[in-house]
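Notes follow once the structure below has been shown.
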Amino acid sequence: MKNPEEIFELVKNEFGETIVGIDRDTPTETIISIDPLYIQKVGAFLRENDELKFDSLMVLSGVDDANGTKTKDEDGSDMISGGTLSVYYHLHSTSLKHKITLKVSTQRENPQVESVYNVWRTSDWHEREAFDMFGIIFLNHPDLRRILMPYDWEAGYPLRKDYKNPEFYKGMKVPY
């Protein structure tokens with residue numbers, strides 16, 4: 001069983017500058033930040049390396065960091081320009097009993113992250129949910145389409161901090 005520092009050192013030695021940093025000051029697990037276009041390669045290394053064997057992606061979550069410039073729309077609702085969206089990957093090695101959390105951050109205006117579908121198949125619906133709710137595009141995902149909202153939903157991404165509920169959808173009043 002490796003501790004987070006040892007895991008970070010192994011990954012940093014293998015990938016260098018694509019590993020953005022480590023956050024030890026979280027109330028839960030240590031978080032390793034990675035360049036969003038290298039998450040698939042890093043994930044494959046974490047799964048295949050005999051010292052790590054991260055065979056389980058427990059959950060993948062999208063997050064609106066809400067760290068851009070905040071302004072008010074004419075109707076008084078919040079708008080955010082700039083800033084980032086993040087994806088968190090909670091990993092577990094079932095055989096070696098260690099855990100780690102990975103994080104990638106991408107620009108809010110064109111949020112693109114490499115898919116980890118080819119590393120952990122369980123990411124399929126998790127990535128689709130992050131796409132549907134936040135608009136994060138997972139490059140090389142085999143079936144990136146809406147999973148919770150109607151296929152023709154054009155009112156934005158419901159879990160973004162500046163999302164505005166539409167008044168109507170296909171002529172029907174949207175309750176909220």
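Here's how to read the names in the structure tokens: chain A, B, ... by the order shown, residue numbers from 1 in each chain, ligand numbers from 1 in the order shown.
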
What lies within 7 Å of Leu159 in chain A using only C-alpha atoms, ignoring chain neighbours under 4 positions off, as a ChimeraX atom specification? /A:133-134,163

Show me, as a ChimeraX atom specification, the residues that have an atom within 8 Å of range 57-61 of chain A when counting only C-alpha atoms, minus same-chain residues fewer than 5 positions from it. /A:87-92,120,122-123,126-127,130

Name all residues at most 9 Å from Ala44 in chain A (count only C-alpha atoms; drop same-chain ones fewer than 2 positions away) and give them as a PyMOL selection string. chain A and resi 39-42+46-49+54+116+118-120

Using backbone DSSP assignments, extract all strand (DSSP E) residues from range 74-171 of chain A; output them as a VMD selection string. chain A and resid 78 to 81 84 to 92 99 to 107 112 to 114 137 to 139 168 to 169

Write out as a Markdown table the residues of range 58-172 of chain A that have any atom within 9 Å of an atom of range 3-26 of chain A, one row each with the nearest atom pair and its distance in Å to one decimal, counting only C-alpha atoms, sorted by chain and then rising number.
```
| residue | atom | partner | partner_atom | distance |
| --- | --- | --- | --- | --- |
| A:His98 | CA | A:Asn3 | CA | 7.3 |
| A:Lys99 | CA | A:Pro4 | CA | 7.9 |
| A:Ile100 | CA | A:Pro4 | CA | 6.6 |
| A:Val104 | CA | A:Val20 | CA | 8.9 |
```

Take the residues just selected and output them with all heavy atoms as a tab-separated table (two decimals), in the first residue's frame.
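So again-v2.tsv came out as:
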```tsv
chain	number	residue	atom	x	y	z
A	98	HIS	N	-5.00	1.00	-1.74
A	98	HIS	CA	-4.75	2.44	-1.60
A	98	HIS	C	-5.68	3.22	-2.53
A	98	HIS	O	-6.25	2.68	-3.47
A	98	HIS	CB	-3.28	2.83	-1.82
A	98	HIS	CG	-2.65	2.27	-3.05
A	98	HIS	ND1	-1.50	1.53	-3.03
A	98	HIS	CD2	-3.00	2.34	-4.36
A	98	HIS	CE1	-1.17	1.19	-4.25
A	98	HIS	NE2	-2.06	1.66	-5.08
A	99	LYS	N	-5.85	4.51	-2.19
A	99	LYS	CA	-6.76	5.39	-2.92
A	99	LYS	C	-6.04	6.70	-3.24
A	99	LYS	O	-5.11	7.10	-2.55
A	99	LYS	CB	-8.00	5.73	-2.08
A	99	LYS	CG	-8.88	4.56	-1.76
A	99	LYS	CD	-10.05	5.01	-0.91
A	99	LYS	CE	-10.94	3.83	-0.53
A	99	LYS	NZ	-12.06	4.25	0.31
A	100	ILE	N	-6.54	7.35	-4.29
A	100	ILE	CA	-6.04	8.68	-4.63
A	100	ILE	C	-7.14	9.39	-5.43
A	100	ILE	O	-7.98	8.75	-6.04
A	100	ILE	CB	-4.71	8.63	-5.44
A	100	ILE	CG1	-3.99	9.97	-5.45
A	100	ILE	CG2	-4.95	8.14	-6.85
A	100	ILE	CD1	-3.36	10.35	-4.16
A	104	VAL	N	-8.52	17.37	-12.93
A	104	VAL	CA	-8.13	18.14	-14.11
A	104	VAL	C	-9.01	19.38	-14.16
A	104	VAL	O	-10.17	19.33	-13.77
A	104	VAL	CB	-8.25	17.33	-15.43
A	104	VAL	CG1	-7.33	16.12	-15.41
A	104	VAL	CG2	-9.67	16.92	-15.71
```

Name the residues of range 34-106 of chain A that come out as helix (DSSP H, G or I) in a backbone DSSP run; write them as a ChimeraX atom specification. /A:39-48

Can those selected residues be exported to a file as a PDB file, in the first residue's frame so that it contains N, CA and C atoms?
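Final output, result.pdb:
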```
ATOM      1  N   ILE A  39      -4.851  13.038 -19.016  1.00  0.00           N
ATOM      2  CA  ILE A  39      -5.481  12.209 -17.996  1.00  0.00           C
ATOM      3  C   ILE A  39      -5.609  10.755 -18.446  1.00  0.00           C
ATOM      4  N   GLN A  40      -5.839  10.513 -19.721  1.00  0.00           N
ATOM      5  CA  GLN A  40      -5.968   9.138 -20.214  1.00  0.00           C
ATOM      6  C   GLN A  40      -4.639   8.396 -20.072  1.00  0.00           C
ATOM      7  N   LYS A  41      -3.540   9.033 -20.441  1.00  0.00           N
ATOM      8  CA  LYS A  41      -2.212   8.399 -20.343  1.00  0.00           C
ATOM      9  C   LYS A  41      -1.830   8.168 -18.883  1.00  0.00           C
ATOM     10  N   VAL A  42      -2.098   9.153 -18.050  1.00  0.00           N
ATOM     11  CA  VAL A  42      -1.799   9.006 -16.620  1.00  0.00           C
ATOM     12  C   VAL A  42      -2.666   7.900 -16.021  1.00  0.00           C
ATOM     13  N   GLY A  43      -3.950   7.871 -16.385  1.00  0.00           N
ATOM     14  CA  GLY A  43      -4.841   6.835 -15.895  1.00  0.00           C
ATOM     15  C   GLY A  43      -4.380   5.436 -16.288  1.00  0.00           C
ATOM     16  N   ALA A  44      -3.944   5.286 -17.539  1.00  0.00           N
ATOM     17  CA  ALA A  44      -3.451   3.979 -17.993  1.00  0.00           C
ATOM     18  C   ALA A  44      -2.212   3.563 -17.195  1.00  0.00           C
ATOM     19  N   PHE A  45      -1.333   4.514 -16.927  1.00  0.00           N
ATOM     20  CA  PHE A  45      -0.145   4.230 -16.115  1.00  0.00           C
ATOM     21  C   PHE A  45      -0.550   3.794 -14.707  1.00  0.00           C
ATOM     22  N   LEU A  46      -1.489   4.515 -14.110  1.00  0.00           N
ATOM     23  CA  LEU A  46      -1.930   4.184 -12.751  1.00  0.00           C
ATOM     24  C   LEU A  46      -2.585   2.800 -12.684  1.00  0.00           C
ATOM     25  N   ARG A  47      -3.290   2.421 -13.727  1.00  0.00           N
ATOM     26  CA  ARG A  47      -3.937   1.106 -13.756  1.00  0.00           C
ATOM     27  C   ARG A  47      -2.923  -0.011 -14.017  1.00  0.00           C
ATOM     28  N   GLU A  48      -1.980   0.208 -14.926  1.00  0.00           N
ATOM     29  CA  GLU A  48      -1.076  -0.855 -15.369  1.00  0.00           C
ATOM     30  C   GLU A  48       0.182  -1.023 -14.516  1.00  0.00           C
TER      31      GLU A  48
END
```

What separation in Å, quoted to one decimal, exists between CA of Asn67 in chain A and CA of Ser86 in chain A?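 Interatomic distance, CA of Asn67 in chain A to CA of Ser86 in chain A: 11.0 Å.
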
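Taking CA of Gly156 in chain A and CA of Asp132 in chain A as endpoints, the distance between them is 8.9 Å.
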
Using only C-alpha atoms, which of A:Lys72, A:His141, A:Arg146, A:Lys173 sits nearest Tyr117 in chain A?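 Ranked by minimum distance to Tyr117 in chain A, first place goes to A:His141.
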
For Ile136 in chain A, the nearest of the candidates A:Met149, A:Val174, A:Val63, A:Met79, counting only C-alpha atoms: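 Between A:Met149, A:Val174, A:Val63, A:Met79, the residue approaching Ile136 in chain A most closely is A:Val63.
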
Neighbour list for Glu114 in chain A as a list in words, cut-off 8 Å, only C-alpha atoms, skip fewer than 5 positions in-chain: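 My list of contacting residues is Pro36, Leu37, Tyr38, Ile39, Gln40, Phe138, Leu139 and Asn140 of chain A.
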
Those same residues - N, CA, C and O atoms - I'd like them written as a PDB file, in the first residue's frame.
```pdb
ATOM      1  N   PRO A  36      -5.403  18.309 -18.412  1.00  0.00           N
ATOM      2  CA  PRO A  36      -6.598  17.585 -18.870  1.00  0.00           C
ATOM      3  C   PRO A  36      -6.403  16.769 -20.153  1.00  0.00           C
ATOM      4  O   PRO A  36      -7.152  15.827 -20.402  1.00  0.00           O
ATOM      5  N   LEU A  37      -5.403  17.093 -20.943  1.00  0.00           N
ATOM      6  CA  LEU A  37      -5.179  16.335 -22.174  1.00  0.00           C
ATOM      7  C   LEU A  37      -4.271  15.118 -21.959  1.00  0.00           C
ATOM      8  O   LEU A  37      -4.006  14.378 -22.906  1.00  0.00           O
ATOM      9  N   TYR A  38      -3.824  14.909 -20.716  1.00  0.00           N
ATOM     10  CA  TYR A  38      -2.974  13.756 -20.402  1.00  0.00           C
ATOM     11  C   TYR A  38      -3.614  12.791 -19.410  1.00  0.00           C
ATOM     12  O   TYR A  38      -2.993  11.820 -19.018  1.00  0.00           O
ATOM     13  N   ILE A  39      -4.851  13.038 -19.016  1.00  0.00           N
ATOM     14  CA  ILE A  39      -5.481  12.209 -17.996  1.00  0.00           C
ATOM     15  C   ILE A  39      -5.609  10.755 -18.446  1.00  0.00           C
ATOM     16  O   ILE A  39      -5.454   9.836 -17.652  1.00  0.00           O
ATOM     17  N   GLN A  40      -5.839  10.513 -19.721  1.00  0.00           N
ATOM     18  CA  GLN A  40      -5.968   9.138 -20.214  1.00  0.00           C
ATOM     19  C   GLN A  40      -4.639   8.396 -20.072  1.00  0.00           C
ATOM     20  O   GLN A  40      -4.603   7.259 -19.607  1.00  0.00           O
ATOM     21  N   PHE A 138     -15.584  15.360 -23.508  1.00  0.00           N
ATOM     22  CA  PHE A 138     -14.595  14.308 -23.277  1.00  0.00           C
ATOM     23  C   PHE A 138     -14.123  13.790 -24.624  1.00  0.00           C
ATOM     24  O   PHE A 138     -14.839  13.064 -25.319  1.00  0.00           O
ATOM     25  N   LEU A 139     -12.918  14.202 -24.998  1.00  0.00           N
ATOM     26  CA  LEU A 139     -12.354  13.835 -26.284  1.00  0.00           C
ATOM     27  C   LEU A 139     -12.172  12.328 -26.389  1.00  0.00           C
ATOM     28  O   LEU A 139     -11.721  11.687 -25.442  1.00  0.00           O
ATOM     29  N   ASN A 140     -12.529  11.768 -27.524  1.00  0.00           N
ATOM     30  CA  ASN A 140     -12.404  10.330 -27.824  1.00  0.00           C
ATOM     31  C   ASN A 140     -13.372   9.454 -27.046  1.00  0.00           C
ATOM     32  O   ASN A 140     -13.174   8.241 -26.969  1.00  0.00           O
TER      33      ASN A 140
END
```

For Thr71 in chain A: contacts at 9 Å, only C-alpha atoms, fewer than 4 positions along chain excluded, given as an MDAnalysis selection string: chainID A and resid 77:81

What does the structure give for the distance between CA of Asp73 in chain A and CA of Glu167 in chain A, in Å to one decimal? 16.1 Å

Counting only C-alpha atoms, figure out which residue out of A:Gly82, A:Leu102, A:Gly62, A:Glu74 gets nearest to Gly135 in chain A.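 Of A:Gly82, A:Leu102, A:Gly62, A:Glu74, the one nearest Gly135 in chain A, counting only C-alpha atoms, is A:Gly62.
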